[in-house]
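Colleague: Next comes the structure file model_1.cif, holding mmCIF, C-alpha atoms.
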data_final
#
loop_
_atom_site.label_atom_id
_atom_site.label_comp_id
_atom_site.auth_asym_id
_atom_site.auth_seq_id
_atom_site.Cartn_x
_atom_site.Cartn_y
_atom_site.Cartn_z
CA MET A 1069 -4.18 -49.33 -102.34
CA THR A 1070 -2.31 -46.40 -103.91
CA ALA A 1071 -3.56 -44.56 -106.99
CA GLU A 1072 -0.74 -46.10 -109.04
CA GLU A 1073 -1.58 -49.63 -107.90
CA GLY A 1074 -5.25 -49.01 -108.67
CA LYS A 1075 -4.31 -47.86 -112.18
CA ALA A 1076 -2.11 -50.92 -112.70
CA GLU A 1077 -4.91 -53.21 -111.52
CA ALA A 1078 -7.32 -51.51 -113.88
CA MET A 1079 -4.90 -51.94 -116.78
CA SER A 1080 -4.34 -55.61 -116.01
CA ALA A 1081 -8.07 -56.18 -115.60
CA ALA A 1082 -8.86 -54.56 -118.94
CA PRO A 1083 -9.78 -57.06 -121.69
CA PRO A 1084 -6.94 -57.87 -124.08
CA GLN A 1085 -6.97 -56.42 -127.56
CA GLU A 1086 -8.10 -58.62 -130.44
CA GLY A 1087 -5.60 -61.44 -131.05
CA GLU A 1088 -3.84 -60.72 -127.76
CA ALA A 1089 -3.69 -63.24 -124.89
CA ALA A 1090 -5.03 -62.47 -121.42
CA ALA A 1091 -2.66 -61.37 -118.67
CA VAL A 1092 -1.27 -64.25 -116.61
CA ASP A 1093 0.15 -64.02 -113.10
CA VAL A 1094 3.63 -65.60 -113.39
CA THR A 1095 4.82 -65.10 -109.80
CA PRO A 1096 5.56 -68.34 -107.90
CA GLY A 1097 3.06 -67.40 -105.16
CA ARG A 1098 0.46 -66.08 -107.63
CA ASP A 1099 0.28 -62.80 -105.71
CA GLY A 1100 -0.34 -60.65 -108.76
CA GLY A 1101 3.08 -59.07 -108.57
CA VAL A 1102 4.02 -59.80 -112.21
CA LEU A 1103 1.32 -59.97 -114.86
CA LYS A 1104 2.37 -61.16 -118.31
CA ILE A 1105 0.72 -60.81 -121.72
CA ILE A 1106 2.22 -62.66 -124.70
CA LYS A 1107 2.22 -60.38 -127.74
CA LYS A 1108 4.08 -62.79 -130.05
CA GLU A 1109 4.43 -66.51 -129.45
CA GLY A 1110 7.90 -68.01 -129.33
CA THR A 1111 9.12 -71.27 -130.84
CA GLY A 1112 10.27 -74.58 -129.41
CA THR A 1113 9.59 -76.09 -126.02
CA GLU A 1114 12.58 -74.88 -123.99
CA SER A 1115 12.88 -71.80 -121.80
CA PRO A 1116 16.01 -70.32 -120.22
CA MET A 1117 17.48 -72.18 -117.25
CA ILE A 1118 19.42 -70.74 -114.31
CA GLY A 1119 22.81 -69.46 -115.40
CA ASP A 1120 21.96 -69.28 -119.10
CA LYS A 1121 23.27 -66.25 -120.96
CA VAL A 1122 20.13 -64.59 -122.37
CA THR A 1123 19.91 -61.84 -124.96
CA VAL A 1124 16.84 -59.57 -125.20
CA HIS A 1125 15.48 -56.30 -126.47
CA TYR A 1126 13.34 -54.35 -124.03
CA SER A 1127 11.55 -51.09 -123.37
CA GLY A 1128 10.28 -49.82 -120.02
CA TRP A 1129 7.53 -47.33 -119.10
CA LEU A 1130 6.09 -45.74 -116.01
CA LEU A 1131 2.30 -46.02 -115.61
CA ASP A 1132 1.82 -42.50 -116.97
CA GLY A 1133 3.36 -43.63 -120.28
CA THR A 1134 6.82 -42.12 -119.70
CA LYS A 1135 9.46 -44.30 -121.32
CA PHE A 1136 12.47 -44.48 -118.99
CA ASP A 1137 14.70 -46.94 -120.88
CA SER A 1138 14.88 -48.88 -124.16
CA SER A 1139 17.54 -51.12 -125.68
CA ARG A 1140 15.71 -50.78 -129.00
CA ASP A 1141 16.22 -47.03 -128.98
CA ARG A 1142 19.92 -47.63 -128.36
CA LYS A 1143 19.94 -50.33 -131.08
CA ASP A 1144 21.91 -52.51 -128.68
CA LYS A 1145 20.57 -55.82 -127.36
CA PHE A 1146 20.97 -56.51 -123.65
CA SER A 1147 22.53 -59.72 -122.25
CA PHE A 1148 22.61 -61.07 -118.70
CA ASP A 1149 22.97 -64.33 -116.76
CA PHE A 1150 19.48 -65.56 -116.06
CA GLY A 1151 18.47 -66.44 -112.50
CA LYS A 1152 21.57 -64.90 -110.90
CA GLY A 1153 19.98 -61.72 -109.56
CA GLU A 1154 21.62 -59.49 -112.15
CA VAL A 1155 18.25 -57.91 -113.07
CA ILE A 1156 15.07 -57.03 -111.18
CA LYS A 1157 13.08 -59.92 -109.75
CA ALA A 1158 10.24 -59.48 -112.28
CA TRP A 1159 12.67 -60.09 -115.14
CA ASP A 1160 14.16 -63.26 -113.63
CA ILE A 1161 10.63 -64.58 -113.13
CA THR A 1162 9.34 -63.60 -116.57
CA VAL A 1163 12.28 -64.60 -118.76
CA GLY A 1164 12.15 -68.09 -117.22
CA THR A 1165 8.67 -68.51 -118.74
CA MET A 1166 9.58 -67.33 -122.25
CA LYS A 1167 10.32 -69.27 -125.43
CA LEU A 1168 12.83 -68.33 -128.12
CA GLY A 1169 11.54 -65.40 -130.19
CA GLU A 1170 8.71 -64.61 -127.79
CA LEU A 1171 7.61 -61.00 -127.29
CA CYS A 1172 5.69 -60.20 -124.12
CA GLN A 1173 4.52 -57.32 -121.96
CA ILE A 1174 4.66 -57.39 -118.17
CA THR A 1175 3.25 -55.18 -115.46
CA CYS A 1176 5.25 -55.52 -112.25
CA LYS A 1177 4.56 -54.17 -108.78
CA PRO A 1178 7.28 -52.24 -106.91
CA GLU A 1179 8.36 -55.21 -104.79
CA TYR A 1180 9.28 -57.07 -108.01
CA ALA A 1181 10.97 -53.99 -109.51
CA TYR A 1182 12.89 -51.23 -107.69
CA GLY A 1183 10.85 -51.19 -104.47
CA SER A 1184 10.56 -48.26 -102.11
CA ALA A 1185 13.94 -46.85 -103.18
CA GLY A 1186 13.13 -46.55 -106.87
CA SER A 1187 16.02 -45.89 -109.26
CA PRO A 1188 16.58 -42.13 -109.38
CA PRO A 1189 16.29 -40.01 -111.32
CA LYS A 1190 14.07 -41.85 -113.83
CA ILE A 1191 12.13 -44.30 -111.61
CA PRO A 1192 10.42 -42.88 -108.49
CA PRO A 1193 9.91 -44.81 -105.23
CA ASN A 1194 7.19 -47.49 -105.12
CA ALA A 1195 6.73 -47.41 -108.90
CA THR A 1196 4.72 -50.03 -110.77
CA LEU A 1197 6.44 -50.56 -114.13
CA ILE A 1198 5.54 -51.88 -117.57
CA PHE A 1199 8.12 -53.67 -119.73
CA GLU A 1200 8.07 -55.11 -123.21
CA ILE A 1201 10.64 -57.90 -123.59
CA GLU A 1202 11.66 -59.92 -126.66
CA LEU A 1203 13.84 -63.01 -126.20
CA PHE A 1204 16.42 -63.47 -128.97
CA GLU A 1205 18.81 -66.05 -127.59
CA PHE A 1206 19.69 -68.16 -124.56
CA LYS A 1207 22.55 -70.56 -124.08
CA GLY A 1208 24.16 -72.47 -121.24
CA LYS A 1209 27.48 -71.71 -119.56
CA ASP A 1210 30.67 -72.99 -121.16
CA LEU A 1211 32.61 -74.92 -118.50
CA THR A 1212 35.76 -75.61 -120.54
CA ASP A 1213 39.04 -73.90 -119.69
CA ASP A 1214 39.49 -72.74 -123.30
CA GLU A 1215 35.79 -71.81 -123.75
CA ASP A 1216 35.62 -74.01 -126.83
CA GLY A 1217 31.96 -74.95 -126.33
CA GLY A 1218 32.83 -78.53 -125.46
CA ILE A 1219 30.94 -78.63 -122.13
CA ILE A 1220 27.75 -76.57 -121.85
CA ARG A 1221 25.93 -76.67 -118.52
CA ARG A 1222 22.33 -75.56 -117.91
CA ILE A 1223 20.96 -75.56 -114.38
CA ARG A 1224 17.50 -77.06 -114.06
CA LYS A 1225 17.39 -76.67 -110.27
CA LYS A 1226 19.67 -74.55 -108.12
CA GLY A 1227 21.75 -76.23 -105.47
CA GLU A 1228 22.68 -74.97 -102.04
CA GLY A 1229 25.80 -73.51 -100.45
CA TYR A 1230 28.94 -72.21 -102.10
CA SER A 1231 31.30 -75.18 -101.80
CA LYS A 1232 31.90 -77.38 -104.86
CA PRO A 1233 33.56 -80.78 -105.33
CA ASN A 1234 37.27 -80.68 -106.08
CA GLU A 1235 39.54 -83.21 -107.77
CA GLY A 1236 39.44 -86.35 -105.62
CA ALA A 1237 36.18 -85.44 -103.84
CA MET A 1238 33.84 -88.33 -103.09
CA VAL A 1239 30.51 -87.64 -104.82
CA GLU A 1240 27.08 -89.29 -104.90
CA ILE A 1241 25.17 -88.59 -108.08
CA GLU A 1242 22.13 -89.59 -110.09
CA VAL A 1243 22.96 -89.56 -113.80
CA GLU A 1244 21.10 -90.09 -117.07
CA GLY A 1245 22.98 -90.16 -120.36
CA ARG A 1246 21.33 -89.58 -123.75
CA HIS A 1247 22.51 -89.83 -127.32
CA GLY A 1248 19.93 -88.04 -129.41
CA ASP A 1249 16.57 -89.18 -128.02
CA ARG A 1250 17.93 -92.50 -126.72
CA LEU A 1251 18.53 -93.02 -123.00
CA PHE A 1252 21.66 -95.18 -122.79
CA ASP A 1253 22.70 -94.80 -119.14
CA LYS A 1254 20.73 -94.32 -115.92
CA ARG A 1255 22.46 -94.96 -112.60
CA GLU A 1256 23.18 -93.83 -109.07
CA LEU A 1257 26.92 -93.72 -108.45
CA ARG A 1258 29.44 -93.01 -105.74
CA PHE A 1259 33.03 -92.33 -106.83
CA GLU A 1260 35.97 -89.93 -106.65
CA VAL A 1261 35.97 -86.94 -108.97
CA GLY A 1262 38.65 -87.66 -111.54
CA GLU A 1263 37.88 -91.39 -111.58
CA GLY A 1264 34.71 -91.15 -113.68
CA GLU A 1265 36.20 -93.04 -116.60
CA ASN A 1266 36.51 -96.09 -114.35
CA TYR A 1267 32.71 -95.96 -114.09
CA ASP A 1268 32.11 -95.52 -117.84
CA LEU A 1269 31.52 -91.78 -117.50
CA PRO A 1270 33.09 -89.40 -120.04
CA PRO A 1271 35.64 -86.78 -118.90
CA GLY A 1272 33.13 -83.97 -119.42
CA VAL A 1273 31.00 -85.26 -116.55
CA ASP A 1274 34.00 -85.19 -114.19
CA LYS A 1275 34.69 -81.62 -115.29
CA ALA A 1276 31.07 -80.52 -114.83
CA LEU A 1277 30.82 -81.97 -111.33
CA GLN A 1278 33.57 -79.62 -110.14
CA LYS A 1279 31.32 -76.65 -111.02
CA MET A 1280 28.16 -77.91 -109.30
CA ASP A 1281 26.60 -77.13 -105.93
CA LYS A 1282 25.15 -79.70 -103.56
CA LEU A 1283 21.64 -80.84 -104.70
CA GLU A 1284 22.03 -79.01 -107.98
CA GLU A 1285 20.29 -80.60 -110.99
CA SER A 1286 21.87 -79.75 -114.32
CA VAL A 1287 21.76 -80.70 -117.97
CA VAL A 1288 25.24 -81.02 -119.51
CA TYR A 1289 25.87 -81.07 -123.27
CA LEU A 1290 29.16 -82.64 -124.36
CA LYS A 1291 31.04 -82.36 -127.63
CA PRO A 1292 32.86 -85.55 -128.72
CA SER A 1293 36.24 -84.50 -127.30
CA TYR A 1294 34.66 -84.32 -123.82
CA GLY A 1295 32.45 -87.35 -124.39
CA PHE A 1296 33.60 -90.72 -125.67
CA GLY A 1297 35.69 -89.21 -128.47
CA SER A 1298 36.61 -90.90 -131.74
CA ALA A 1299 36.42 -94.35 -130.14
CA GLY A 1300 32.78 -94.08 -129.11
CA LYS A 1301 31.48 -96.46 -126.44
CA PRO A 1302 30.39 -99.87 -127.78
CA LYS A 1303 29.09 -100.83 -124.32
CA PHE A 1304 26.42 -98.15 -124.67
CA GLN A 1305 26.20 -98.38 -128.48
CA ILE A 1306 27.62 -94.87 -128.78
CA PRO A 1307 29.20 -94.29 -132.22
CA PRO A 1308 32.48 -92.40 -132.77
CA ASP A 1309 32.44 -88.59 -132.50
CA ALA A 1310 29.01 -88.49 -130.84
CA GLU A 1311 27.56 -85.50 -129.03
CA LEU A 1312 26.01 -86.46 -125.70
CA GLN A 1313 23.62 -85.06 -123.11
CA TYR A 1314 23.75 -85.87 -119.41
CA GLU A 1315 21.30 -84.98 -116.68
CA ILE A 1316 23.12 -84.91 -113.36
CA LYS A 1317 21.91 -84.49 -109.80
CA LEU A 1318 24.65 -83.99 -107.23
CA LYS A 1319 23.12 -85.59 -104.15
CA SER A 1320 26.11 -85.08 -101.84
CA PHE A 1321 29.87 -84.79 -101.79
CA GLU A 1322 32.82 -84.83 -99.44
CA LYS A 1323 35.71 -82.65 -100.58
CA ALA A 1324 39.20 -84.05 -100.84
CA LYS A 1325 41.73 -82.34 -98.61
CA GLU A 1326 43.47 -79.41 -100.23
CA SER A 1327 47.26 -79.17 -100.04
CA TRP A 1328 47.19 -76.66 -97.19
CA GLU A 1329 44.95 -78.98 -95.16
CA MET A 1330 47.43 -81.89 -95.23
CA ASN A 1331 50.50 -82.42 -93.10
CA THR A 1332 53.76 -83.68 -94.58
CA ASN A 1333 53.08 -87.35 -93.89
CA GLU A 1334 49.67 -87.11 -95.58
CA LYS A 1335 51.21 -85.42 -98.61
CA LEU A 1336 53.88 -88.10 -98.93
CA GLU A 1337 51.31 -90.85 -98.49
CA GLN A 1338 48.89 -89.33 -101.01
CA GLY A 1339 51.78 -88.66 -103.37
CA SER A 1340 52.65 -92.35 -103.45
CA ILE A 1341 49.01 -93.25 -104.11
CA ALA A 1342 48.79 -90.68 -106.92
CA LYS A 1343 51.96 -92.08 -108.47
CA GLU A 1344 50.49 -95.60 -108.52
CA LYS A 1345 47.22 -94.35 -110.02
CA GLY A 1346 49.08 -92.35 -112.65
CA THR A 1347 51.18 -95.35 -113.63
CA GLN A 1348 48.06 -97.48 -114.03
CA TYR A 1349 46.40 -94.83 -116.18
CA PHE A 1350 49.56 -94.55 -118.30
CA LYS A 1351 49.63 -98.30 -118.91
CA GLU A 1352 46.02 -98.08 -120.05
CA GLY A 1353 46.90 -95.30 -122.50
CA LYS A 1354 44.95 -92.68 -120.52
CA TYR A 1355 47.68 -90.08 -120.66
CA LYS A 1356 45.63 -87.06 -119.59
CA ARG A 1357 44.30 -88.89 -116.56
CA ALA A 1358 47.83 -90.05 -115.72
CA ALA A 1359 49.14 -86.50 -116.04
CA SER A 1360 46.48 -85.19 -113.64
CA GLN A 1361 47.71 -87.63 -110.98
CA TYR A 1362 51.37 -86.67 -111.43
CA LYS A 1363 50.47 -82.97 -111.27
CA LYS A 1364 48.95 -83.56 -107.84
CA ILE A 1365 52.31 -84.80 -106.56
CA VAL A 1366 54.04 -81.65 -107.80
CA SER A 1367 51.42 -79.34 -106.31
CA TRP A 1368 51.60 -81.09 -102.93
CA LEU A 1369 55.37 -81.33 -102.58
CA GLU A 1370 56.96 -78.63 -104.74
CA HIS A 1371 57.08 -76.00 -102.00
CA GLU A 1372 57.08 -78.22 -98.90
CA THR A 1373 59.62 -77.04 -96.32
CA GLY A 1374 60.88 -78.05 -92.91
CA LEU A 1375 61.31 -81.71 -93.80
CA SER A 1376 63.55 -84.23 -92.10
CA ASP A 1377 66.32 -85.82 -94.18
CA ALA A 1378 64.22 -88.95 -94.72
CA GLU A 1379 61.13 -86.93 -95.67
CA GLU A 1380 63.19 -84.72 -98.00
CA ALA A 1381 64.62 -87.77 -99.76
CA LYS A 1382 61.17 -89.31 -100.26
CA ALA A 1383 59.64 -86.01 -101.39
CA GLU A 1384 62.43 -85.43 -103.90
CA SER A 1385 62.08 -88.97 -105.22
CA LEU A 1386 58.33 -88.47 -105.75
CA ARG A 1387 58.80 -85.08 -107.42
CA LEU A 1388 61.50 -86.45 -109.72
CA ALA A 1389 59.26 -89.37 -110.74
CA ALA A 1390 56.32 -87.01 -111.24
CA HIS A 1391 58.24 -84.67 -113.59
CA LEU A 1392 59.76 -87.58 -115.54
CA ASN A 1393 56.37 -89.23 -115.94
CA LEU A 1394 54.68 -85.93 -116.81
CA ALA A 1395 57.29 -85.46 -119.54
CA MET A 1396 56.44 -88.90 -120.91
CA CYS A 1397 52.69 -88.14 -120.84
CA HIS A 1398 53.22 -84.87 -122.70
CA LEU A 1399 55.41 -86.63 -125.29
CA LYS A 1400 52.60 -89.12 -125.90
CA LEU A 1401 50.12 -86.24 -126.22
CA LYS A 1402 52.51 -84.34 -128.56
CA GLU A 1403 52.66 -81.45 -126.06
CA TYR A 1404 56.36 -80.88 -126.54
CA SER A 1405 56.83 -77.55 -124.76
CA GLN A 1406 55.30 -79.02 -121.59
CA ALA A 1407 57.45 -82.13 -121.99
CA LEU A 1408 60.56 -79.92 -122.16
CA GLU A 1409 59.45 -77.96 -119.09
CA ASN A 1410 59.08 -81.11 -117.01
CA CYS A 1411 62.38 -82.57 -118.24
CA ASN A 1412 64.14 -79.38 -117.17
CA LYS A 1413 62.53 -79.55 -113.73
CA ALA A 1414 63.55 -83.19 -113.38
CA LEU A 1415 67.12 -82.33 -114.36
CA GLU A 1416 67.18 -79.55 -111.78
CA LEU A 1417 66.67 -82.31 -109.21
CA ASP A 1418 69.12 -84.73 -110.88
CA SER A 1419 71.31 -83.22 -113.61
CA SER A 1420 72.58 -86.63 -114.79
CA ASN A 1421 69.21 -88.37 -114.87
CA GLU A 1422 69.15 -90.79 -117.80
CA LYS A 1423 65.41 -90.56 -118.48
CA GLY A 1424 65.37 -86.80 -118.07
CA LEU A 1425 68.15 -86.28 -120.63
CA PHE A 1426 66.73 -88.84 -123.04
CA ARG A 1427 63.16 -87.49 -122.92
CA ARG A 1428 64.37 -83.93 -123.29
CA GLY A 1429 66.28 -85.06 -126.36
CA GLU A 1430 63.09 -86.65 -127.74
CA ALA A 1431 61.13 -83.44 -127.18
CA GLU A 1432 63.87 -81.34 -128.83
CA LEU A 1433 64.01 -83.72 -131.77
CA ALA A 1434 60.23 -83.47 -132.18
CA VAL A 1435 60.42 -79.67 -132.48
CA ASN A 1436 63.42 -79.84 -134.89
CA ASP A 1437 66.03 -78.57 -132.41
CA TYR A 1438 68.49 -81.14 -133.75
CA GLU A 1439 71.68 -79.66 -132.27
CA LEU A 1440 70.21 -79.55 -128.75
CA ALA A 1441 68.79 -83.06 -129.15
CA ARG A 1442 72.16 -84.39 -130.31
CA ALA A 1443 73.87 -82.84 -127.29
CA ASP A 1444 71.41 -84.52 -124.92
CA PHE A 1445 71.71 -87.95 -126.57
CA GLN A 1446 75.52 -87.61 -126.55
CA LYS A 1447 75.44 -86.84 -122.84
CA VAL A 1448 73.23 -89.87 -122.23
CA LEU A 1449 75.82 -92.05 -123.99
CA GLN A 1450 78.70 -90.47 -122.09
CA LEU A 1451 77.00 -91.32 -118.80
CA TYR A 1452 75.25 -94.52 -119.88
CA PRO A 1453 77.18 -96.06 -122.84
CA SER A 1454 74.89 -99.10 -123.07
CA ASN A 1455 71.75 -97.05 -123.85
CA LYS A 1456 70.87 -98.43 -127.31
CA ALA A 1457 67.84 -96.14 -127.72
CA ALA A 1458 70.07 -93.08 -127.28
CA LYS A 1459 72.48 -94.44 -129.92
CA ALA A 1460 69.61 -94.86 -132.37
CA GLN A 1461 68.27 -91.36 -131.66
CA LEU A 1462 71.77 -89.89 -132.01
CA ILE A 1463 72.06 -91.42 -135.50
CA ILE A 1464 68.72 -89.87 -136.43
CA CYS A 1465 69.87 -86.48 -135.10
CA GLN A 1466 73.08 -86.58 -137.10
CA GLN A 1467 71.17 -87.53 -140.23
CA LYS A 1468 68.69 -84.68 -139.68
CA ILE A 1469 71.56 -82.23 -139.14
CA ARG A 1470 73.23 -83.38 -142.42
CA GLU A 1471 69.93 -82.99 -144.27
CA GLN A 1472 69.50 -79.55 -142.75
CA HIS A 1473 73.01 -78.53 -143.88
CA GLU A 1474 72.31 -79.81 -147.41
CA ARG A 1475 69.11 -77.79 -147.54
CA GLU A 1476 70.97 -74.72 -146.32
CA LYS A 1477 73.70 -75.22 -148.98
CA LYS A 1478 71.10 -75.44 -151.73
CA MET A 1479 69.28 -72.45 -150.35
CA TYR A 1480 72.44 -70.34 -150.22
CA ALA A 1481 73.54 -71.60 -153.67
CA ASN A 1482 70.20 -70.55 -155.13
CA MET A 1483 70.48 -67.26 -153.31
CA PHE A 1484 73.95 -66.60 -154.78
CA GLN A 1485 72.72 -67.60 -158.25
CA ARG A 1486 69.88 -65.14 -157.96
CA LEU A 1487 72.28 -62.43 -156.75
CA ALA A 1488 74.72 -63.22 -159.61
CA GLY A 1489 71.85 -63.11 -162.07
CA LYS A 1490 70.75 -59.74 -160.70
CA GLU A 1491 74.30 -58.38 -160.96
CA ALA A 1492 74.61 -59.65 -164.56
CA LYS A 1493 71.30 -58.04 -165.40
CA VAL A 1494 72.43 -54.77 -163.85
CA GLU A 1495 75.65 -54.85 -165.94
CA ALA A 1496 73.71 -55.70 -169.11
CA ASP A 1497 71.26 -52.90 -168.44
CA ALA A 1498 74.16 -50.50 -167.92
CA VAL A 1499 75.74 -51.55 -171.24
CA CYS A 1500 72.40 -51.13 -173.00
CA ARG A 1501 72.02 -47.66 -171.50
CA GLU A 1502 75.55 -46.70 -172.63
CA GLU A 1503 74.90 -47.96 -176.17
CA THR A 1504 71.60 -46.12 -176.28
CA GLU A 1505 73.24 -42.92 -175.09
CA MET A 1506 75.98 -43.27 -177.74
CA LYS A 1507 73.39 -43.78 -180.46
CA ASP A 1508 71.46 -40.75 -179.22
CA ASP A 1509 74.63 -38.63 -179.21
CA LYS A 1510 75.50 -39.74 -182.77
CA GLN A 1511 71.98 -39.02 -183.97
CA ASN A 1512 72.06 -35.60 -182.37
CA GLY A 1513 75.30 -34.88 -184.23
CA VAL A 1514 73.69 -35.83 -187.55
CA GLU A 1515 70.72 -33.60 -186.81
CA GLU A 1516 73.03 -30.72 -185.95
CA LYS A 1517 74.85 -31.18 -189.27
CA ALA A 1518 71.52 -31.28 -191.12
CA ASP A 1519 70.57 -28.01 -189.47
CA ASP A 1520 73.89 -26.48 -190.66
CA VAL A 1521 73.20 -27.49 -194.31
CA GLU A 1522 69.73 -26.02 -194.27
CA ALA A 1523 71.03 -22.77 -192.84
#
Could you render the structure from this file as C-alpha cells?

Modeller:
Amino acid sequence: MTAEEGKAEAMSAAPPQEGEAAAVDVTPGRDGGVLKIIKKEGTGTESPMIGDKVTVHYSGWLLDGTKFDSSRDRKDKFSFDFGKGEVIKAWDITVGTMKLGELCQITCKPEYAYGSAGSPPKIPPNATLIFEIELFEFKGKDLTDDEDGGIIRRIRKKGEGYSKPNEGAMVEIEVEGRHGDRLFDKRELRFEVGEGENYDLPPGVDKALQKMDKLEESVVYLKPSYGFGSAGKPKFQIPPDAELQYEIKLKSFEKAKESWEMNTNEKLEQGSIAKEKGTQYFKEGKYKRAASQYKKIVSWLEHETGLSDAEEAKAESLRLAAHLNLAMCHLKLKEYSQALENCNKALELDSSNEKGLFRRGEAELAVNDYELARADFQKVLQLYPSNKAAKAQLIICQQKIREQHEREKKMYANMFQRLAGKEAKVEADAVCREETEMKDDKQNGVEEKADDVEA
C-alpha cells in the first residue's frame, strides 16, 4: 500500500463529523474504490438513469488538500450525459446513487479516477482524489426530431451492440403503459416498427424503439401529441390530451432491409406493399402513417437505375402514385409547402396529370396564390372538361381574385386620399407661413415708423 492510499484509508476510516453520515462503498464490487459521504440529503426517490443529462457543481482536491478544479469557483455548473463514459468512472458510479439536490463527498482510488497516467499538470499519476458533488438537475434524452420535449427516454438498463431497429423492423418487446399511477397496458408483443398503432400503441413508442439497443430497458415519457392525442383511448380509459409513461424492454429485433440491401425486384415488390398499406392508413384517416409508407416508395425508387423498360414503367407508376398520394396527405395535414413539392415532382413525371394539377391548385389556393391556382384549375379543365370539382374551384379562385382587386382598389384609394390630404395640408401650411410673414413685415414697418417719430 502506498503512502497516499494509506492516507486515504485513514481518512475514510475516520469517524464522521457530527450530523454527517458514515462513508459508504458505492462501487458495484464493493472493493473500496469509491467511498461516499452524504453531506446534504436530496429529495424524491429517483436517481439519474443512463443517458440522462445531469447538471452539477463540483470541487476536486488532491489528498494534500490542493484544490485542482472547481465549477463553483468558475461560477459555471457542469453538465454531462450520465453513464456514457464522459467523466471518470467514480463520477458515473456516484451520480447514479444521488437524489436531486443531494450534496456528497467521495474519495476515489486511482483506478476509478485518472489511473497511472494522471492528468498533467494538475493531477499526478496514481492519485487518490476527493470530490464534492452537488446534483442540481437530471433529465432524460429528447428523442423528437424537433426537440420539443414530446418523447423523453430514460435508460433503466443498458442494451447491447450498436444496431437499432429501423422502420419496418420486426421487434419483440415487453411493454407496460401507465397514466399517472394507473397501469393500463401490460403485454408482450411482436410487430413491425411503424405498425404500432395497429396494436394500440401510441406513435411515441414506435419512435422510441428506433433509438433502442437490443435488451435495453427504458422508461419513455410521452406528451399528448406523441401519445393518444386529443382523442384519448377509450379502450384503456385514457382521457384526451393525456401524458403517458411506458416501460419498454426490447427483447429482440430483426432489421428491415435498407434500400441498398434490396435488388430492383424487391424494391418494386415492397413498393407495391407500401402503397397498399399507405392507402389503408389514408382511408382510416391516419395521414402521417400513410405518408410514411409513400415516402418509402420514393426513397427506394427515386434514384434506381439500370432498369428494363417494364421495370422502369412500374417504378415510374409507383413513384407517381407515391407523390400524388403524399400531396393528398400533406393537404389533409395542412402542410401546404410539402403538398406543392410533391405535386411538382408528380408533374415532372406526368406534366398533364389531372390529380397533380388539381392538388397543386388546391395547395396554391390554400396559401392565397389565387392567380397560380386559377391557372392550374384552368389547365385541368382544358385537358379534362368534365372535371366538376375543378370548375367549382375555378369559380372560387375568380371570386377570391375579384375580392383581392377590390381590397387593392380601396387600399390605393385610401392611399391617394391620404396623399391628397397631405398635399392640401402642405399648401395650407405654406399659405399660413406666407400670411404670417406678411403680417411680420407690416408690423416691422410700423415699428420702424414709430422709431422715426421718437427720433

Colleague: Atom CA of Gly1217 of chain A and atom CA of Gln1305 of chain A, how far apart in Å?

Modeller: 24.2 Å

Colleague: Could you write out as an mmCIF file with C-alpha atoms, keeping the file's coordinate frame the residues that the PyMOL selection byres ((chain A and resi 1429) around 12) matches in the shown file?

Modeller:
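Saved result, selection_5.cif, follows:
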data_model
loop_
_atom_site.group_PDB
_atom_site.id
_atom_site.type_symbol
_atom_site.label_atom_id
_atom_site.label_comp_id
_atom_site.auth_asym_id
_atom_site.auth_seq_id
_atom_site.Cartn_x
_atom_site.Cartn_y
_atom_site.Cartn_z
ATOM 1 C CA ALA A 1395 57.290 -85.460 -119.540
ATOM 2 C CA MET A 1396 56.440 -88.900 -120.910
ATOM 3 C CA LEU A 1399 55.410 -86.630 -125.290
ATOM 4 C CA TYR A 1404 56.360 -80.880 -126.540
ATOM 5 C CA ALA A 1407 57.450 -82.130 -121.990
ATOM 6 C CA LEU A 1408 60.560 -79.920 -122.160
ATOM 7 C CA CYS A 1411 62.380 -82.570 -118.240
ATOM 8 C CA ASN A 1412 64.140 -79.380 -117.170
ATOM 9 C CA GLU A 1422 69.150 -90.790 -117.800
ATOM 10 C CA LYS A 1423 65.410 -90.560 -118.480
ATOM 11 C CA GLY A 1424 65.370 -86.800 -118.070
ATOM 12 C CA LEU A 1425 68.150 -86.280 -120.630
ATOM 13 C CA PHE A 1426 66.730 -88.840 -123.040
ATOM 14 C CA ARG A 1427 63.160 -87.490 -122.920
ATOM 15 C CA ARG A 1428 64.370 -83.930 -123.290
ATOM 16 C CA GLU A 1430 63.090 -86.650 -127.740
ATOM 17 C CA ALA A 1431 61.130 -83.440 -127.180
ATOM 18 C CA GLU A 1432 63.870 -81.340 -128.830
ATOM 19 C CA LEU A 1433 64.010 -83.720 -131.770
ATOM 20 C CA ALA A 1434 60.230 -83.470 -132.180
ATOM 21 C CA VAL A 1435 60.420 -79.670 -132.480
ATOM 22 C CA ASN A 1436 63.420 -79.840 -134.890
ATOM 23 C CA ASP A 1437 66.030 -78.570 -132.410
ATOM 24 C CA TYR A 1438 68.490 -81.140 -133.750
ATOM 25 C CA GLU A 1439 71.680 -79.660 -132.270
ATOM 26 C CA LEU A 1440 70.210 -79.550 -128.750
ATOM 27 C CA ALA A 1441 68.790 -83.060 -129.150
ATOM 28 C CA ARG A 1442 72.160 -84.390 -130.310
ATOM 29 C CA ALA A 1443 73.870 -82.840 -127.290
ATOM 30 C CA ASP A 1444 71.410 -84.520 -124.920
ATOM 31 C CA PHE A 1445 71.710 -87.950 -126.570
ATOM 32 C CA GLN A 1446 75.520 -87.610 -126.550
ATOM 33 C CA LYS A 1447 75.440 -86.840 -122.840
ATOM 34 C CA VAL A 1448 73.230 -89.870 -122.230
ATOM 35 C CA ALA A 1457 67.840 -96.140 -127.720
ATOM 36 C CA ALA A 1458 70.070 -93.080 -127.280
ATOM 37 C CA LYS A 1459 72.480 -94.440 -129.920
ATOM 38 C CA ALA A 1460 69.610 -94.860 -132.370
ATOM 39 C CA GLN A 1461 68.270 -91.360 -131.660
ATOM 40 C CA LEU A 1462 71.770 -89.890 -132.010
ATOM 41 C CA ILE A 1464 68.720 -89.870 -136.430
ATOM 42 C CA CYS A 1465 69.870 -86.480 -135.100
#

Colleague: Would you work out the distance separating atom CA of Glu1326 of chain A from atom CA of Asn1234 of chain A, expressed in Å to one decimal?

Modeller: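 Spanning atom CA of Glu1326 of chain A to atom CA of Asn1234 of chain A is a straight-line distance of 8.6 Å.
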
Colleague: In Å, how far is it from atom CA of Arg1098 of chain A to atom CA of Ile1198 of chain A?

Modeller: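 For atom CA of Arg1098 of chain A relative to atom CA of Ile1198 of chain A, the distance reads 18.1 Å.
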